[in-house]
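Visitor: This one is structure07.cif, mmCIF, C-alpha atoms.
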```cif
data_upload
#
loop_
_atom_site.label_atom_id
_atom_site.label_comp_id
_atom_site.auth_asym_id
_atom_site.auth_seq_id
_atom_site.Cartn_x
_atom_site.Cartn_y
_atom_site.Cartn_z
CA MET A 1 -47.20 -32.48 -154.23
CA ASP A 2 -45.19 -35.51 -153.14
CA SER A 3 -41.73 -34.36 -152.07
CA ALA A 4 -39.98 -37.62 -153.04
CA ARG A 5 -41.42 -37.46 -156.55
CA LEU A 6 -40.46 -33.79 -156.85
CA LEU A 7 -36.87 -34.54 -155.77
CA ASP A 8 -36.72 -37.44 -158.24
CA LEU A 9 -37.78 -35.09 -161.04
CA LEU A 10 -35.45 -32.26 -160.00
CA GLY A 11 -32.52 -34.68 -159.90
CA ASN A 12 -32.20 -34.30 -163.68
CA GLU A 13 -30.40 -31.23 -164.98
CA ASN A 14 -32.33 -31.03 -168.26
CA ARG A 15 -35.66 -31.19 -166.48
CA ARG A 16 -34.53 -28.36 -164.23
CA LYS A 17 -33.56 -26.35 -167.31
CA ILE A 18 -36.94 -26.99 -168.93
CA LEU A 19 -38.75 -25.91 -165.76
CA GLN A 20 -36.61 -22.79 -165.55
CA LEU A 21 -37.44 -21.93 -169.15
CA LEU A 22 -41.18 -22.51 -168.66
CA ALA A 23 -41.09 -20.49 -165.45
CA TYR A 24 -40.04 -17.57 -167.57
CA ARG A 25 -42.87 -17.90 -170.07
CA PRO A 26 -44.93 -20.59 -171.84
CA CYS A 27 -42.99 -22.38 -174.60
CA TYR A 28 -43.67 -24.92 -177.33
CA VAL A 29 -41.56 -28.03 -177.87
CA THR A 30 -39.33 -26.71 -180.69
CA GLU A 31 -38.50 -23.59 -178.68
CA ILE A 32 -37.40 -25.67 -175.70
CA SER A 33 -35.48 -28.06 -177.88
CA ASP A 34 -33.69 -25.13 -179.63
CA ARG A 35 -32.89 -23.18 -176.50
CA LEU A 36 -31.55 -26.16 -174.58
CA ARG A 37 -29.99 -27.96 -177.59
CA LEU A 38 -31.86 -31.11 -176.73
CA GLY A 39 -33.58 -33.54 -179.10
CA ALA A 40 -37.34 -33.07 -179.43
CA LYS A 41 -37.93 -36.63 -178.26
CA ALA A 42 -35.95 -36.11 -175.05
CA VAL A 43 -37.80 -32.83 -174.45
CA LEU A 44 -41.15 -34.55 -174.95
CA ASN A 45 -40.22 -37.28 -172.49
CA HIS A 46 -39.25 -34.75 -169.84
CA LEU A 47 -42.39 -32.70 -170.47
CA GLU A 48 -44.53 -35.79 -170.07
CA LEU A 49 -42.94 -36.63 -166.71
CA LEU A 50 -43.36 -33.04 -165.49
CA ARG A 51 -46.97 -32.99 -166.71
CA GLU A 52 -47.82 -36.29 -165.02
CA ALA A 53 -46.50 -34.92 -161.74
CA GLY A 54 -48.69 -31.84 -162.12
CA LEU A 55 -45.79 -29.40 -162.39
CA ILE A 56 -46.69 -28.20 -165.87
CA GLU A 57 -49.77 -27.94 -168.06
CA ASP A 58 -50.36 -27.26 -171.72
CA TYR A 59 -52.77 -25.28 -173.86
CA THR A 60 -53.17 -24.85 -177.60
CA ASP A 61 -53.21 -21.33 -179.07
CA GLU A 62 -55.13 -19.98 -182.11
CA GLN A 63 -52.43 -21.23 -184.49
CA ARG A 64 -52.93 -24.69 -182.99
CA ARG A 65 -49.54 -24.57 -181.40
CA LYS A 66 -49.21 -26.42 -178.11
CA TYR A 67 -47.67 -24.38 -175.30
CA PHE A 68 -46.39 -25.71 -172.00
CA HIS A 69 -46.37 -23.64 -168.83
CA VAL A 70 -45.79 -24.05 -165.10
CA SER A 71 -49.13 -24.85 -163.47
CA ASP A 72 -48.69 -23.66 -159.91
CA ASN A 73 -46.57 -22.17 -157.23
CA ILE A 74 -44.49 -25.03 -155.95
CA ARG A 75 -42.05 -24.82 -153.08
CA LEU A 76 -39.68 -27.42 -151.80
CA GLU A 77 -37.72 -27.12 -148.60
CA PHE A 78 -35.04 -29.58 -147.73
CA PHE A 79 -32.69 -29.58 -144.79
CA VAL A 80 -30.27 -31.95 -143.26
CA SER A 81 -28.04 -31.58 -140.23
CA PRO A 82 -26.18 -33.98 -137.95
CA TYR A 83 -29.44 -34.35 -135.98
CA SER A 84 -32.29 -33.71 -138.33
CA TYR A 85 -33.58 -34.38 -141.79
CA GLY A 86 -36.61 -32.84 -143.36
CA VAL A 87 -38.13 -32.35 -146.73
CA GLU A 88 -41.42 -30.68 -147.49
CA ALA A 89 -43.06 -29.79 -150.75
CA SER A 90 -46.05 -27.52 -150.94
CA THR A 91 -48.29 -26.34 -153.72
CA ILE A 92 -49.63 -22.84 -153.34
CA MET A 93 -52.74 -22.20 -155.34
CA ILE A 94 -52.56 -18.92 -157.21
CA LYS A 95 -55.42 -16.51 -156.78
CA ARG A 96 -56.15 -14.97 -160.15
CA GLU A 97 -59.24 -12.98 -159.28
CA PRO A 98 -57.88 -9.64 -158.07
CA ILE A 99 -56.02 -8.96 -161.32
CA GLU A 100 -59.00 -7.21 -162.85
CA ASN A 101 -58.56 -4.60 -160.13
CA TYR A 102 -55.37 -3.34 -161.76
CA SER A 103 -55.68 -0.89 -164.65
CA PRO A 104 -53.40 -1.84 -167.54
CA ASP A 105 -51.15 1.22 -167.60
CA LEU A 106 -47.50 2.02 -167.06
CA GLU A 107 -48.05 3.70 -163.70
CA THR A 108 -49.71 0.60 -162.28
CA LEU A 109 -46.90 -1.53 -163.69
CA THR A 110 -44.14 0.46 -161.99
CA LYS A 111 -46.07 0.45 -158.71
CA LEU A 112 -46.47 -3.31 -158.94
CA GLN A 113 -42.78 -3.64 -159.70
CA GLU A 114 -41.94 -1.72 -156.52
CA ARG A 115 -44.19 -4.02 -154.51
CA LEU A 116 -42.62 -7.02 -156.21
CA TRP A 117 -39.13 -5.99 -155.20
CA GLU A 118 -40.26 -5.34 -151.63
CA LEU A 119 -41.70 -8.84 -151.47
CA GLU A 120 -38.51 -10.33 -152.89
CA GLU A 121 -36.55 -8.49 -150.20
CA GLU A 122 -38.93 -9.91 -147.58
CA GLN A 123 -38.40 -13.36 -149.02
CA LYS A 124 -34.63 -13.06 -148.64
CA LYS A 125 -34.95 -11.94 -145.03
CA LEU A 126 -37.27 -14.84 -144.23
CA ALA A 127 -34.73 -17.25 -145.69
CA GLN A 128 -32.03 -15.76 -143.47
CA THR A 129 -34.24 -16.04 -140.39
CA GLN A 130 -34.91 -19.67 -141.22
CA GLN A 131 -31.21 -20.35 -141.50
CA ALA A 132 -30.63 -18.78 -138.10
CA VAL A 133 -33.43 -20.87 -136.53
CA GLN A 134 -32.03 -24.00 -138.18
CA ALA A 135 -28.56 -23.24 -136.80
CA LYS A 136 -29.97 -22.71 -133.30
CA ILE A 137 -31.88 -26.01 -133.49
CA THR A 138 -28.72 -27.88 -134.44
CA GLU A 139 -26.76 -26.20 -131.66
CA ILE A 140 -29.35 -27.29 -129.09
CA MET A 141 -29.52 -30.80 -130.56
CA ASP A 142 -25.75 -30.95 -130.22
CA ALA A 143 -25.95 -30.03 -126.53
CA CYS A 144 -28.79 -32.53 -125.95
CA PHE A 145 -26.82 -35.25 -127.67
CA LYS A 146 -23.90 -34.69 -125.28
CA ILE A 147 -26.15 -34.68 -122.20
CA ILE A 148 -27.85 -37.88 -123.37
CA LYS A 149 -24.45 -39.55 -123.77
CA GLU A 150 -23.75 -38.74 -120.12
CA ILE A 151 -27.13 -39.97 -118.86
CA ALA A 152 -27.50 -43.11 -120.99
CA LYS A 153 -25.91 -46.31 -119.75
CA ASP A 154 -25.80 -48.11 -123.10
CA TYR A 155 -26.54 -47.89 -126.81
CA PHE A 156 -30.26 -48.68 -126.39
CA GLU A 157 -30.83 -46.04 -123.72
CA ARG A 158 -29.09 -43.48 -125.89
CA GLU A 159 -31.22 -44.31 -128.90
CA ILE A 160 -34.43 -44.24 -126.85
CA LEU A 161 -33.61 -40.95 -125.14
CA PHE A 162 -32.68 -39.34 -128.41
CA ALA A 163 -35.97 -40.48 -129.98
CA LEU A 164 -37.94 -39.16 -126.99
CA LEU A 165 -36.10 -35.86 -127.18
CA LYS A 166 -37.49 -35.37 -130.67
CA LYS A 167 -40.98 -36.61 -129.92
CA SER A 168 -42.88 -38.26 -127.08
CA GLN A 169 -44.06 -41.64 -128.31
CA ASP A 170 -45.15 -45.14 -127.29
CA SER A 171 -43.00 -48.27 -127.19
CA ARG A 172 -44.42 -49.58 -130.46
CA ALA A 173 -43.40 -46.40 -132.32
CA LEU A 174 -39.98 -46.46 -130.65
CA SER A 175 -39.47 -50.07 -131.68
CA ILE A 176 -40.36 -49.31 -135.31
CA ASN A 177 -38.41 -46.05 -135.54
CA LEU A 178 -35.29 -47.48 -133.95
CA GLY A 179 -35.42 -50.93 -135.49
CA ILE A 180 -35.14 -52.49 -132.00
CA PRO A 181 -37.48 -55.32 -130.87
CA GLU A 182 -40.35 -54.03 -128.74
CA TYR A 183 -39.50 -56.18 -125.68
CA VAL A 184 -35.95 -54.74 -125.65
CA VAL A 185 -37.37 -51.22 -125.90
CA GLU A 186 -39.75 -51.94 -123.01
CA GLU A 187 -36.99 -53.30 -120.78
CA HIS A 188 -34.95 -50.14 -121.27
CA LEU A 189 -37.96 -47.86 -120.87
CA SER A 190 -38.63 -49.43 -117.45
CA ALA A 191 -35.00 -49.04 -116.39
CA LEU A 192 -34.96 -45.37 -117.46
CA ARG A 193 -38.27 -44.74 -115.67
CA ASP A 194 -36.95 -46.37 -112.48
CA ARG A 195 -33.95 -44.05 -112.57
CA GLY A 196 -36.31 -41.06 -112.95
CA VAL A 197 -35.00 -40.16 -116.41
CA ILE A 198 -38.27 -40.59 -118.32
CA ARG A 199 -41.97 -40.54 -117.48
CA GLU A 200 -44.79 -42.86 -118.48
CA HIS A 201 -48.12 -41.35 -119.53
CA ASP A 202 -51.49 -42.75 -120.57
CA ASN A 203 -51.64 -45.20 -123.49
CA ASN A 204 -48.05 -46.33 -122.95
CA TYR A 205 -46.74 -42.91 -124.02
CA TRP A 206 -43.26 -41.93 -122.87
CA SER A 207 -41.56 -38.58 -122.52
CA LEU A 208 -38.39 -37.09 -121.03
CA MET B 209 -22.82 -25.82 -151.48
CA ASP B 210 -23.70 -25.94 -155.17
CA SER B 211 -27.47 -26.26 -155.52
CA ALA B 212 -27.33 -28.15 -158.84
CA ARG B 213 -25.00 -30.75 -157.36
CA LEU B 214 -27.18 -31.06 -154.28
CA LEU B 215 -30.30 -31.60 -156.40
CA ASP B 216 -28.45 -34.20 -158.50
CA LEU B 217 -27.56 -36.07 -155.32
CA LEU B 218 -31.02 -35.80 -153.78
CA GLY B 219 -32.58 -37.12 -156.99
CA ASN B 220 -31.75 -40.64 -155.82
CA GLU B 221 -34.08 -42.26 -153.30
CA ASN B 222 -31.42 -44.45 -151.70
CA ARG B 223 -29.10 -41.51 -151.17
CA ARG B 224 -31.96 -39.64 -149.52
CA LYS B 225 -32.57 -42.65 -147.25
CA ILE B 226 -28.88 -42.82 -146.32
CA LEU B 227 -28.82 -39.11 -145.50
CA GLN B 228 -31.97 -39.49 -143.42
CA LEU B 229 -30.40 -42.34 -141.48
CA LEU B 230 -27.14 -40.44 -140.89
CA ALA B 231 -29.09 -37.36 -139.86
CA TYR B 232 -30.44 -39.43 -137.03
CA ARG B 233 -27.06 -40.60 -135.80
CA PRO B 234 -23.65 -41.64 -137.13
CA CYS B 235 -23.66 -45.09 -138.74
CA TYR B 236 -21.15 -47.55 -140.16
CA VAL B 237 -21.54 -49.20 -143.57
CA THR B 238 -23.02 -52.53 -142.42
CA GLU B 239 -25.64 -50.75 -140.33
CA ILE B 240 -26.75 -48.67 -143.32
CA SER B 241 -26.71 -51.66 -145.61
CA ASP B 242 -28.81 -53.70 -143.11
CA ARG B 243 -31.33 -50.96 -142.32
CA LEU B 244 -31.93 -50.06 -145.97
CA ARG B 245 -31.55 -53.59 -147.38
CA LEU B 246 -28.97 -52.37 -149.86
CA GLY B 247 -25.74 -54.05 -150.94
CA ALA B 248 -22.61 -52.79 -149.19
CA LYS B 249 -21.07 -51.84 -152.52
CA ALA B 250 -24.03 -49.66 -153.48
CA VAL B 251 -23.97 -48.06 -150.02
CA LEU B 252 -20.24 -47.33 -150.34
CA ASN B 253 -20.77 -45.72 -153.75
CA HIS B 254 -23.52 -43.47 -152.41
CA LEU B 255 -21.43 -42.56 -149.34
CA GLU B 256 -18.49 -41.66 -151.55
CA LEU B 257 -20.65 -39.30 -153.65
CA LEU B 258 -22.13 -37.69 -150.53
CA ARG B 259 -18.67 -37.34 -148.99
CA GLU B 260 -17.18 -35.77 -152.13
CA ALA B 261 -19.96 -33.20 -152.11
CA GLY B 262 -19.18 -32.37 -148.49
CA LEU B 263 -22.55 -33.55 -147.17
CA ILE B 264 -21.11 -36.23 -144.91
CA GLU B 265 -17.83 -36.94 -143.13
CA ASP B 266 -16.38 -39.99 -141.44
CA TYR B 267 -14.41 -40.79 -138.31
CA THR B 268 -12.98 -43.98 -136.87
CA ASP B 269 -13.86 -44.96 -133.29
CA GLU B 270 -11.79 -46.81 -130.67
CA GLN B 271 -12.78 -50.18 -132.12
CA ARG B 272 -11.45 -48.96 -135.49
CA ARG B 273 -14.93 -48.89 -136.89
CA LYS B 274 -15.56 -46.19 -139.49
CA TYR B 275 -18.64 -44.06 -138.83
CA PHE B 276 -20.29 -41.70 -141.27
CA HIS B 277 -22.19 -38.62 -140.16
CA VAL B 278 -23.78 -35.50 -141.63
CA SER B 279 -21.15 -32.74 -141.65
CA ASP B 280 -23.18 -29.58 -141.56
CA ASN B 281 -26.48 -27.85 -141.53
CA ILE B 282 -27.56 -27.78 -145.15
CA ARG B 283 -30.69 -26.13 -146.45
CA LEU B 284 -32.09 -26.18 -149.94
CA GLU B 285 -34.95 -24.02 -151.09
CA PHE B 286 -36.53 -24.54 -154.45
CA PHE B 287 -39.52 -22.82 -155.94
CA VAL B 288 -41.14 -22.62 -159.29
CA SER B 289 -44.18 -20.68 -160.42
CA PRO B 290 -45.55 -19.58 -163.80
CA TYR B 291 -43.27 -16.52 -163.52
CA SER B 292 -40.33 -17.47 -161.39
CA TYR B 293 -37.82 -20.18 -160.75
CA GLY B 294 -35.32 -20.24 -157.96
CA VAL B 295 -33.11 -22.66 -156.17
CA GLU B 296 -30.74 -21.88 -153.38
CA ALA B 297 -28.60 -24.08 -151.21
CA SER B 298 -26.90 -22.83 -148.11
CA THR B 299 -24.54 -24.35 -145.62
CA ILE B 300 -24.93 -23.12 -142.07
CA MET B 301 -21.86 -23.60 -139.96
CA ILE B 302 -22.68 -25.05 -136.58
CA LYS B 303 -21.38 -23.25 -133.53
CA ARG B 304 -20.20 -25.86 -131.08
CA GLU B 305 -18.67 -23.64 -128.44
CA PRO B 306 -21.58 -22.76 -126.15
CA ILE B 307 -22.32 -26.40 -125.36
CA GLU B 308 -19.96 -26.40 -122.41
CA ASN B 309 -22.33 -23.87 -120.83
CA TYR B 310 -24.96 -26.57 -120.35
CA SER B 311 -24.68 -28.83 -117.33
CA PRO B 312 -25.23 -32.48 -118.24
CA ASP B 313 -28.32 -33.17 -116.15
CA LEU B 314 -31.92 -34.11 -116.74
CA GLU B 315 -33.31 -30.69 -115.85
CA THR B 316 -31.15 -29.00 -118.49
CA LEU B 317 -32.19 -31.63 -121.01
CA THR B 318 -35.93 -31.05 -120.53
CA LYS B 319 -35.40 -27.28 -120.70
CA LEU B 320 -33.50 -27.66 -123.94
CA GLN B 321 -36.25 -29.90 -125.27
CA GLU B 322 -38.80 -27.17 -124.58
CA ARG B 323 -36.66 -24.63 -126.41
CA LEU B 324 -36.22 -27.11 -129.27
CA TRP B 325 -39.96 -27.53 -129.71
CA GLU B 326 -40.47 -23.77 -129.62
CA LEU B 327 -37.89 -23.35 -132.38
CA GLU B 328 -39.54 -26.08 -134.45
CA GLU B 329 -42.84 -24.25 -134.08
CA GLU B 330 -41.16 -21.03 -135.20
CA GLN B 331 -39.73 -22.87 -138.20
CA LYS B 332 -43.20 -24.03 -139.24
CA LYS B 333 -44.60 -20.52 -139.00
CA LEU B 334 -41.74 -19.10 -141.05
CA ALA B 335 -42.44 -21.67 -143.76
CA GLN B 336 -46.08 -20.60 -143.84
CA THR B 337 -45.13 -16.93 -144.11
CA GLN B 338 -42.78 -17.78 -146.95
CA GLN B 339 -45.56 -19.56 -148.79
CA ALA B 340 -47.83 -16.55 -148.39
CA VAL B 341 -45.14 -14.18 -149.72
CA GLN B 342 -44.49 -16.53 -152.64
CA ALA B 343 -48.21 -16.59 -153.47
CA LYS B 344 -48.39 -12.79 -153.36
CA ILE B 345 -45.36 -12.50 -155.67
CA THR B 346 -46.97 -14.79 -158.22
CA GLU B 347 -50.25 -12.90 -158.04
CA ILE B 348 -48.45 -9.61 -158.77
CA MET B 349 -46.39 -11.21 -161.54
CA ASP B 350 -49.64 -12.42 -163.04
CA ALA B 351 -51.07 -8.88 -163.04
CA CYS B 352 -47.81 -7.46 -164.47
CA PHE B 353 -47.80 -10.05 -167.21
CA LYS B 354 -51.30 -8.98 -168.28
CA ILE B 355 -50.39 -5.28 -168.25
CA ILE B 356 -47.25 -5.97 -170.28
CA LYS B 357 -49.31 -7.85 -172.86
CA GLU B 358 -51.45 -4.72 -173.26
CA ILE B 359 -48.48 -2.34 -173.52
CA ALA B 360 -46.16 -4.43 -175.72
CA LYS B 361 -46.58 -4.24 -179.50
CA ASP B 362 -44.85 -7.50 -180.35
CA TYR B 363 -43.11 -10.58 -178.99
CA PHE B 364 -39.76 -8.79 -178.52
CA GLU B 365 -41.22 -5.89 -176.58
CA ARG B 366 -43.06 -8.31 -174.34
CA GLU B 367 -39.91 -10.28 -173.62
CA ILE B 368 -37.88 -7.13 -172.94
CA LEU B 369 -40.50 -5.59 -170.66
CA PHE B 370 -40.87 -8.79 -168.72
CA ALA B 371 -37.10 -9.01 -168.24
CA LEU B 372 -36.94 -5.37 -167.08
CA LEU B 373 -39.82 -5.98 -164.68
CA LYS B 374 -37.69 -8.57 -162.92
CA LYS B 375 -34.44 -6.61 -163.01
CA SER B 376 -33.08 -3.41 -164.53
CA GLN B 377 -30.26 -4.39 -166.91
CA ASP B 378 -28.23 -3.37 -169.95
CA SER B 379 -28.82 -4.43 -173.55
CA ARG B 380 -26.01 -6.97 -173.44
CA ALA B 381 -27.56 -8.77 -170.46
CA LEU B 382 -31.00 -8.61 -172.09
CA SER B 383 -29.60 -10.10 -175.29
CA ILE B 384 -27.97 -12.98 -173.42
CA ASN B 385 -30.89 -13.65 -171.08
CA LEU B 386 -33.49 -13.58 -173.83
CA GLY B 387 -31.43 -15.26 -176.55
CA ILE B 388 -32.19 -12.34 -178.90
CA PRO B 389 -29.39 -10.63 -180.94
CA GLU B 390 -28.19 -7.42 -179.30
CA TYR B 391 -29.04 -5.18 -182.27
CA VAL B 392 -32.64 -6.42 -182.22
CA VAL B 393 -32.81 -5.77 -178.47
CA GLU B 394 -31.45 -2.24 -179.00
CA GLU B 395 -33.96 -1.43 -181.74
CA HIS B 396 -36.82 -2.39 -179.46
CA LEU B 397 -35.35 -0.62 -176.45
CA SER B 398 -35.24 2.61 -178.47
CA ALA B 399 -38.83 2.18 -179.63
CA LEU B 400 -40.02 1.54 -176.06
CA ARG B 401 -38.06 4.54 -174.77
CA ASP B 402 -39.54 6.77 -177.47
CA ARG B 403 -43.04 5.73 -176.40
CA GLY B 404 -42.14 6.60 -172.77
CA VAL B 405 -42.49 3.00 -171.56
CA ILE B 406 -38.92 2.51 -170.35
CA ARG B 407 -36.05 4.75 -169.25
CA GLU B 408 -32.36 4.73 -170.13
CA HIS B 409 -29.81 5.26 -167.35
CA ASP B 410 -26.01 5.52 -167.21
CA ASN B 411 -23.94 2.68 -168.68
CA ASN B 412 -26.68 1.63 -171.07
CA TYR B 413 -28.89 0.45 -168.16
CA TRP B 414 -32.61 0.25 -168.75
CA SER B 415 -35.55 0.19 -166.38
CA LEU B 416 -39.34 0.42 -166.50
#
```
Rewrite the structure from the file as structure tokens, please.

Guide:
Amino acid sequence: MDSARLLDLLGNENRRKILQLLAYRPCYVTEISDRLRLGAKAVLNHLELLREAGLIEDYTDEQRRKYFHVSDNIRLEFFVSPYSYGVEASTIMIKREPIENYSPDLETLTKLQERLWELEEEQKKLAQTQQAVQAKITEIMDACFKIIKEIAKDYFEREILFALLKKSQDSRALSINLGIPEYVVEEHLSALRDRGVIREHDNNYWSL
Amino acid sequence: MDSARLLDLLGNENRRKILQLLAYRPCYVTEISDRLRLGAKAVLNHLELLREAGLIEDYTDEQRRKYFHVSDNIRLEFFVSPYSYGVEASTIMIKREPIENYSPDLETLTKLQERLWELEEEQKKLAQTQQAVQAKITEIMDACFKIIKEIAKDYFEREILFALLKKSQDSRALSINLGIPEYVVEEHLSALRDRGVIREHDNNYWSL
């Protein structure tokens, strides 16, 4: 799943509402249109966009009614901070095999419900841990940023050091990422190396 | 941070690009406009929307140049599956106090970089664990859905059981969540209770 495409799709409130409805159970067009008080044509347009992106699928039941449903487990994680930006979308294929192992009775259902709630609790805790890690990363970035300001002699050195803090890379990559001509990057890399601030490795790779 | 508003804002590619740029370092309008090849007016409009939502802030430097920067640590998690839909945005306040504890030298910087990379590794692993938990939840939901289909006698019973699987609730909440009149919900709740499928608790609360 392409994260940019997913964010484009999720940027529309009605599409989010349709997805939310379909994530509850499969629906046909009139149902969606009634529940969300949206014209059938608008609903169909949204469904088509969601289908093209692989978020939903459809099937036709015995009464020849076309139902739409969410196709997969899709996760999107986005974060932004004063020093980082990241977005990642992932599709998790759903295993459907082991279901036959469950006997279709009430006891099994309540046991599964218990397990479900445990997993949801686990999910919440994981989210909290991730927030804590994210906060720690930003705190360290903040400290690094201040140290780099002390060490760097000009704008270019600061930019280069900050890029190398995130990732060791060669002068070509630095030039592209920073939008600074390669010969300017190389001049400053040499100066920083001569002062013992950065190190040169094989293949023109540079690191702090 | 309101998740709907955040998704609305992130639905625009240029706004995402601006955020990504500002997450690298503070920028002024002309810089953004040059780097992204966007008109200054368009950039200003996007910045205003991002500022209103609290995603970015600005400050003016000694040369009276106005810089924009990302204000906080913001995380958004979105997931959708055939049985669940969730979106959560969180703002993580950044602690800036402990920075004075770091001495501004190269040795500290490389140590911090090491710690930074460790944390990034941890972040990746947490994301993988979250995916695994999400997959397990969907698998169990899938099994529950099939059991409910066996137990339920009609559409209404199925809807009610599925809602109670997710969360114990009263008939009013069920009526609102399912878009089914309350008296219809109550009729079916009684029938399910009489068959021993669900239980009634205090305050008209129902559970599996």

Visitor: Find the residue from B:Asp216, B:Glu285, B:Asp313, B:Glu367 that sits nearest to Ala335 of chain B; use only C-alpha atoms when measuring.

Guide: B:Glu285

Visitor: Starting from the displayed file, determine the output of the PyMOL selection byres ((chain B) within 6 of (chain A)) and express the residue list as a PDB file with C-alpha atoms, in the coordinates of the input.

Guide:
```pdb
ATOM      1  CA  LEU B 215     -30.300 -31.600-156.400  1.00  0.00           C
ATOM      2  CA  ASP B 216     -28.450 -34.200-158.500  1.00  0.00           C
ATOM      3  CA  GLY B 219     -32.580 -37.120-156.990  1.00  0.00           C
ATOM      4  CA  GLN B 228     -31.970 -39.490-143.420  1.00  0.00           C
ATOM      5  CA  ALA B 231     -29.090 -37.360-139.860  1.00  0.00           C
ATOM      6  CA  TYR B 232     -30.440 -39.430-137.030  1.00  0.00           C
ATOM      7  CA  VAL B 278     -23.780 -35.500-141.630  1.00  0.00           C
ATOM      8  CA  ASP B 280     -23.180 -29.580-141.560  1.00  0.00           C
ATOM      9  CA  ASN B 281     -26.480 -27.850-141.530  1.00  0.00           C
ATOM     10  CA  ILE B 282     -27.560 -27.780-145.150  1.00  0.00           C
ATOM     11  CA  ARG B 283     -30.690 -26.130-146.450  1.00  0.00           C
ATOM     12  CA  LEU B 284     -32.090 -26.180-149.940  1.00  0.00           C
ATOM     13  CA  GLU B 285     -34.950 -24.020-151.090  1.00  0.00           C
ATOM     14  CA  PHE B 286     -36.530 -24.540-154.450  1.00  0.00           C
ATOM     15  CA  PHE B 287     -39.520 -22.820-155.940  1.00  0.00           C
ATOM     16  CA  VAL B 288     -41.140 -22.620-159.290  1.00  0.00           C
ATOM     17  CA  SER B 289     -44.180 -20.680-160.420  1.00  0.00           C
ATOM     18  CA  PRO B 290     -45.550 -19.580-163.800  1.00  0.00           C
ATOM     19  CA  TYR B 291     -43.270 -16.520-163.520  1.00  0.00           C
ATOM     20  CA  SER B 292     -40.330 -17.470-161.390  1.00  0.00           C
ATOM     21  CA  TYR B 293     -37.820 -20.180-160.750  1.00  0.00           C
ATOM     22  CA  ILE B 307     -22.320 -26.400-125.360  1.00  0.00           C
ATOM     23  CA  PRO B 312     -25.230 -32.480-118.240  1.00  0.00           C
ATOM     24  CA  ALA B 351     -51.070  -8.880-163.040  1.00  0.00           C
ATOM     25  CA  ILE B 355     -50.390  -5.280-168.250  1.00  0.00           C
TER      26      ILE B 355
END
```

Visitor: Using all atoms of segment 367-384 of chain B that appear in the file, construct an axis-aligned enclosing box with 3 Å of padding on every side and provide its centre coordinates and edge lengths in Å, rounded to one decimal, as JSON.

Guide:
```
{"center_x": -33.4, "center_y": -8.2, "center_z": -169.1, "size_x": 20.9, "size_y": 15.6, "size_z": 18.4}
```

Visitor: Provide the atom CA of Glu186 of chain A to atom CA of Ile226 of chain B distance in Å, to one decimal place.

Guide: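 We find that atom CA of Glu186 of chain A and atom CA of Ile226 of chain B lie 27.3 Å from each other.
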
Visitor: One decimal, in Å: what's the spacing between atom CA of Val184 of chain A and atom CA of Ile240 of chain B?

Guide: 20.8 Å

Visitor: Suppose you want the space between atom CA of Ser171 of chain A and atom CA of Tyr183 of chain A; what is it in Å?

Guide: 8.8 Å

Visitor: Find the residues with any atom within 10 Å of (-29.0, -5.7, -173.3); use only C-alpha atoms and the coordinates as given in the file, and write the answer as an mmCIF file with C-alpha atoms, keeping the file's coordinate frame.

Guide:
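New file selection_12.cif:
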```cif
data_model
loop_
_atom_site.group_PDB
_atom_site.id
_atom_site.type_symbol
_atom_site.label_atom_id
_atom_site.label_comp_id
_atom_site.auth_asym_id
_atom_site.auth_seq_id
_atom_site.Cartn_x
_atom_site.Cartn_y
_atom_site.Cartn_z
ATOM 1 C CA ILE B 368 -37.880 -7.130 -172.940
ATOM 2 C CA SER B 376 -33.080 -3.410 -164.530
ATOM 3 C CA GLN B 377 -30.260 -4.390 -166.910
ATOM 4 C CA ASP B 378 -28.230 -3.370 -169.950
ATOM 5 C CA SER B 379 -28.820 -4.430 -173.550
ATOM 6 C CA ARG B 380 -26.010 -6.970 -173.440
ATOM 7 C CA ALA B 381 -27.560 -8.770 -170.460
ATOM 8 C CA LEU B 382 -31.000 -8.610 -172.090
ATOM 9 C CA SER B 383 -29.600 -10.100 -175.290
ATOM 10 C CA ILE B 384 -27.970 -12.980 -173.420
ATOM 11 C CA ASN B 385 -30.890 -13.650 -171.080
ATOM 12 C CA LEU B 386 -33.490 -13.580 -173.830
ATOM 13 C CA ILE B 388 -32.190 -12.340 -178.900
ATOM 14 C CA PRO B 389 -29.390 -10.630 -180.940
ATOM 15 C CA GLU B 390 -28.190 -7.420 -179.300
ATOM 16 C CA TYR B 391 -29.040 -5.180 -182.270
ATOM 17 C CA VAL B 392 -32.640 -6.420 -182.220
ATOM 18 C CA VAL B 393 -32.810 -5.770 -178.470
ATOM 19 C CA GLU B 394 -31.450 -2.240 -179.000
ATOM 20 C CA LEU B 397 -35.350 -0.620 -176.450
ATOM 21 C CA ASN B 412 -26.680 1.630 -171.070
ATOM 22 C CA TYR B 413 -28.890 0.450 -168.160
ATOM 23 C CA TRP B 414 -32.610 0.250 -168.750
#
```
